[in-house]
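Q: A single structure is presented below for examination.
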Amino acid sequence: MAQSTLDSGAVEADHGRGDGGMKVITWNVNSIRMRLGRVRALLLRHRPDVLALQEVKVPAALFPAAEIEDLGYRAAVFGQAGRNGVALLSPHPLETVERGFPGDPVPEQARVIAATVEGVRVVDVYVVNGQAVGTPEYEIKLRWLEAFAEWLRAEHRPEEPLLLVGDFNVTPDDRDVHDPERWRGRNLCSGPERERLRALLDWGLIDLLRLRQAGPGPFTWWDYREGAFHRGWGLRLDLALGTRPVAERCLEVTVDRDERRPTSGEGKPSDHAPVIVVLR
DNA sequence: ATGTCACTTTACAAGTGA
């Protein structure tokens with residue numbers, strides 16, 4: 001049963017185009033169990049070729065794989081009980097799945113999963129949050145970004161088709177902040193973390209959303225507190241970064257803000273909105 | 001700075017992390 005639905009899903013995900021195009025969505029769901037209804041609706045609405053999830057907050061054994069398979073998707077999960085956890089969903093084969101990376105300063109935390117889908121290496125990251133500048137957690141965040149960049153440089157080449165997506169917990173620059181003065185120097189917007197992200201880009205990655213949208217905005221995350229979404233107090237923390245071969249195929253990048261709305265969809269929203277990347 | 005949310009523990013509340 002599962003196999004036949006997987007086959008039909010693969011056909012639908014291509015939108016009948018048969019043109020080698022590819023739709024990749026990244027979404028920090030803040031618990032897959034709480035968000036299953038919305039994830040299901042997103043898969044049916046967009047039929048992405050890849051859905052990269054962060055903060056699934058379950059060990060792999062408790063990931064709702066059967067519900068996902070019923071929609072024609074396979075899941076590769078790097079899970080963790082209660083915190084973190086990343087997963088890649090696709091109707092296509094997920095080849096050469098890699099969980100974590102050598103040199104991770106916090107290897108007990110599930111933050112990176114990678115797989116090759118339709119010839120594109122998709123790397124899904126959930127970067128250390130960092131809590132606040134000056135805390136030990138912030139120092140770990142900087143070290144983590146350095147170690148991840150070192151691994152990327154060692155294992156990959158900028159000439160490869162590689163798409164790095166996820167929740168980076170860093171705003172690339174002030175255009176990604178609703179009120180740059182209010183956020184100046186604080187965690188998610190501070191200089192040192194932006195320098196680490198910049199180093200990653202300098203290796204050979206392009207911020208795909210900025211190819212066609214100069215900003216300021218759009219944002220992808222709004223705090224649950226203080227009615228931040230309603231007041232427009234957002235940040236862009238969720239990014240899609242591509243090597244040149246991927247950037248050349250990029251048609252558009254959009255943010256599905258409706259998913260952050262409390263009144264739309266099944267159950268409560270995540271504090272992050274999905275980012276949708278379309279490649280030709 | 002914090003008006004929320006989801007998780008955990010030994011659970012019928014409080015602490016943690018985001």
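To be explicit about the labels: the chains of the structure tokens are called A, B, and onward in the order shown, and within each one the residues are counted from 1, while ligands get numbers from 1 in the order they are shown.
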DC5 (chain B): which residues within 9 Å, counting only C-alpha atoms (C1' of nucleotides), same-chain residues fewer than 6 positions away excluded, as a ChimeraX atom specification?
A: /A:30,224,270-271
Q: Write the residues you've just listed into a file as a PDB file, in the first residue's frame, and include all heavy atoms for each of them.
A:
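Saved result, selection23.pdb, follows:
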```pdb
ATOM      1  N   ASN A  30       8.806  23.414  14.957  1.00  0.00           N
ATOM      2  CA  ASN A  30       8.649  23.441  16.416  1.00  0.00           C
ATOM      3  C   ASN A  30       7.714  22.320  16.888  1.00  0.00           C
ATOM      4  O   ASN A  30       6.616  22.590  17.371  1.00  0.00           O
ATOM      5  CB  ASN A  30       8.142  24.824  16.876  1.00  0.00           C
ATOM      6  CG  ASN A  30       8.067  24.929  18.395  1.00  0.00           C
ATOM      7  OD1 ASN A  30       8.696  24.160  19.116  1.00  0.00           O
ATOM      8  ND2 ASN A  30       7.283  25.875  18.888  1.00  0.00           N
ATOM      9  N   TYR A 224       6.588  34.159  19.578  1.00  0.00           N
ATOM     10  CA  TYR A 224       5.217  33.852  20.007  1.00  0.00           C
ATOM     11  C   TYR A 224       4.675  34.940  20.938  1.00  0.00           C
ATOM     12  O   TYR A 224       3.467  35.114  21.055  1.00  0.00           O
ATOM     13  CB  TYR A 224       5.187  32.521  20.777  1.00  0.00           C
ATOM     14  CG  TYR A 224       5.175  31.264  19.923  1.00  0.00           C
ATOM     15  CD1 TYR A 224       6.131  30.280  20.101  1.00  0.00           C
ATOM     16  CD2 TYR A 224       4.163  31.042  18.990  1.00  0.00           C
ATOM     17  CE1 TYR A 224       6.102  29.101  19.361  1.00  0.00           C
ATOM     18  CE2 TYR A 224       4.123  29.877  18.244  1.00  0.00           C
ATOM     19  CZ  TYR A 224       5.102  28.903  18.435  1.00  0.00           C
ATOM     20  OH  TYR A 224       5.056  27.749  17.718  1.00  0.00           O
ATOM     21  N   SER A 270       3.526  27.141  13.959  1.00  0.00           N
ATOM     22  CA  SER A 270       4.921  27.231  14.410  1.00  0.00           C
ATOM     23  C   SER A 270       5.261  28.713  14.542  1.00  0.00           C
ATOM     24  O   SER A 270       4.541  29.565  14.031  1.00  0.00           O
ATOM     25  CB  SER A 270       5.841  26.582  13.381  1.00  0.00           C
ATOM     26  OG  SER A 270       7.193  26.894  13.653  1.00  0.00           O
ATOM     27  N   ASP A 271       6.377  29.040  15.208  1.00  0.00           N
ATOM     28  CA  ASP A 271       6.814  30.443  15.219  1.00  0.00           C
ATOM     29  C   ASP A 271       7.603  30.797  13.950  1.00  0.00           C
ATOM     30  O   ASP A 271       7.935  31.955  13.739  1.00  0.00           O
ATOM     31  CB  ASP A 271       7.573  30.809  16.499  1.00  0.00           C
ATOM     32  CG  ASP A 271       8.641  29.806  16.898  1.00  0.00           C
ATOM     33  OD1 ASP A 271       8.706  28.713  16.292  1.00  0.00           O
ATOM     34  OD2 ASP A 271       9.413  30.117  17.814  1.00  0.00           O
TER      35      ASP A 271
END
```
Q: For the interface of chain A with chain B (cut-off 9 Å, counting only C-alpha atoms (C1' of nucleotides)), please tabulate each contacting residue of chain A alongside its nearest pair of atoms and their separation in Å to one decimal, rows sorted by chain and increasing number, as a tab-separated table.
A:
```
residue	atom	partner	partner_atom	distance
A:Asn30	CA	B:DA6	C1'	7.6
A:Ser31	CA	B:DA6	C1'	7.3
A:Met34	CA	B:DA6	C1'	8.4
A:Lys57	CA	B:DC7	C1'	8.2
A:Gly82	CA	B:DC7	C1'	5.5
A:Arg83	CA	B:DC7	C1'	7.3
A:Asn129	CA	B:DA18	C1'	7.5
A:Gln131	CA	B:DA18	C1'	7.8
A:Asp223	CA	B:DT4	C1'	8.0
A:Tyr224	CA	B:DT4	C1'	4.7
A:Arg225	CA	B:DT4	C1'	4.9
A:Glu226	CA	B:DG3	C1'	4.8
A:Gly227	CA	B:DG3	C1'	7.4
A:Ser270	CA	B:DC5	C1'	8.8
A:Asp271	CA	B:DC5	C1'	8.8
```
Q: Taking 5 positions as the minimum chain separation for residues in the same chain, which residues sit within 10 Å of Gln109 (chain A) when counting only C-alpha atoms (C1' of nucleotides)? Answer as a PyMOL selection string.
A: chain A and resi 78-81+83-85+100+104+126+128
Q: Extract the full set of strand (DSSP E) residues from region 87-232 of chain A according to DSSP on the backbone, and format it as a PyMOL selection string.
A: chain A and resi 87-90+95-99+112-117+120-126+162-167+206-207+221-222
Q: Per DSSP on the backbone, filter region 66-218 of chain A down to the residues in alpha helix (DSSP H) and report them as JSON, numbers by chain.
A: {"A": [66, 67, 68, 69, 136, 137, 138, 139, 140, 141, 142, 143, 144, 145, 146, 147, 148, 149, 150, 151, 152, 153, 154, 155, 180, 181, 182, 183, 191, 192, 193, 194, 195, 196, 197, 198, 199, 200, 201, 202, 203, 204]}
Q: List as number ranges by chain the protein and nucleic acid residues near Trp233 (chain A), meaning an atom at most 12 Å away when only C-alpha atoms (C1' of nucleotides) are counted, but skip any in the same chain fewer than 3 places from it.
A: A: 176-180, 182-183, 217-230, 236, 271
Q: What's around Ala41 (chain A) at 12 Å? Count only C-alpha atoms (C1' of nucleotides), leave out sequence neighbours fewer than 6 positions away in its own chain, and write the answer as an mmCIF file with N, CA, C and O atoms, in the first residue's frame.
A:
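Wrote it out as selection17.cif, contents follow:
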```cif
data_model
loop_
_atom_site.group_PDB
_atom_site.id
_atom_site.type_symbol
_atom_site.label_atom_id
_atom_site.label_comp_id
_atom_site.auth_asym_id
_atom_site.auth_seq_id
_atom_site.Cartn_x
_atom_site.Cartn_y
_atom_site.Cartn_z
ATOM 1 N N ARG A 35 2.589 19.704 14.910
ATOM 2 C CA ARG A 35 2.388 20.356 13.604
ATOM 3 C C ARG A 35 1.977 19.394 12.499
ATOM 4 O O ARG A 35 1.919 19.784 11.327
ATOM 5 N N ARG A 47 3.055 20.037 -2.827
ATOM 6 C CA ARG A 47 3.704 18.831 -3.380
ATOM 7 C C ARG A 47 5.188 19.092 -3.639
ATOM 8 O O ARG A 47 5.672 18.935 -4.769
ATOM 9 N N PRO A 48 5.948 19.479 -2.609
ATOM 10 C CA PRO A 48 7.385 19.765 -2.829
ATOM 11 C C PRO A 48 8.165 18.484 -3.147
ATOM 12 O O PRO A 48 7.744 17.387 -2.777
ATOM 13 N N GLU A 67 2.185 8.302 8.610
ATOM 14 C CA GLU A 67 1.315 9.380 8.143
ATOM 15 C C GLU A 67 1.940 10.092 6.942
ATOM 16 O O GLU A 67 1.234 10.520 6.019
ATOM 17 N N ILE A 68 3.265 10.250 6.980
ATOM 18 C CA ILE A 68 3.986 10.894 5.881
ATOM 19 C C ILE A 68 3.958 10.004 4.636
ATOM 20 O O ILE A 68 3.757 10.477 3.509
ATOM 21 N N LEU A 71 1.014 10.026 2.351
ATOM 22 C CA LEU A 71 0.928 11.160 1.425
ATOM 23 C C LEU A 71 1.897 11.002 0.259
ATOM 24 O O LEU A 71 2.038 11.893 -0.572
ATOM 25 N N GLU A 259 1.111 30.355 6.930
ATOM 26 C CA GLU A 259 1.354 29.276 7.887
ATOM 27 C C GLU A 259 1.658 29.794 9.290
ATOM 28 O O GLU A 259 1.614 29.048 10.255
ATOM 29 N N SER A 264 -5.266 30.254 10.469
ATOM 30 C CA SER A 264 -5.321 29.414 9.273
ATOM 31 C C SER A 264 -4.712 28.051 9.566
ATOM 32 O O SER A 264 -3.761 27.932 10.322
ATOM 33 N N GLY A 265 -5.283 27.016 8.977
ATOM 34 C CA GLY A 265 -4.726 25.683 9.138
ATOM 35 C C GLY A 265 -5.191 24.991 10.397
ATOM 36 O O GLY A 265 -5.951 25.536 11.193
ATOM 37 N N GLU A 266 -4.683 23.767 10.564
ATOM 38 C CA GLU A 266 -5.112 22.888 11.646
ATOM 39 C C GLU A 266 -4.197 23.070 12.855
ATOM 40 O O GLU A 266 -2.992 22.908 12.762
ATOM 41 N N GLY A 267 -4.770 23.437 13.987
ATOM 42 C CA GLY A 267 -3.979 23.595 15.206
ATOM 43 C C GLY A 267 -3.196 24.893 15.210
ATOM 44 O O GLY A 267 -3.383 25.768 14.355
#
```
Q: Name all residues at most 9 Å from Arg99 (chain A) (count only C-alpha atoms (C1' of nucleotides); drop same-chain ones fewer than 2 positions away) and give them as an MDAnalysis selection string.
A: chainID A and resid 77:78 97 101 110:114
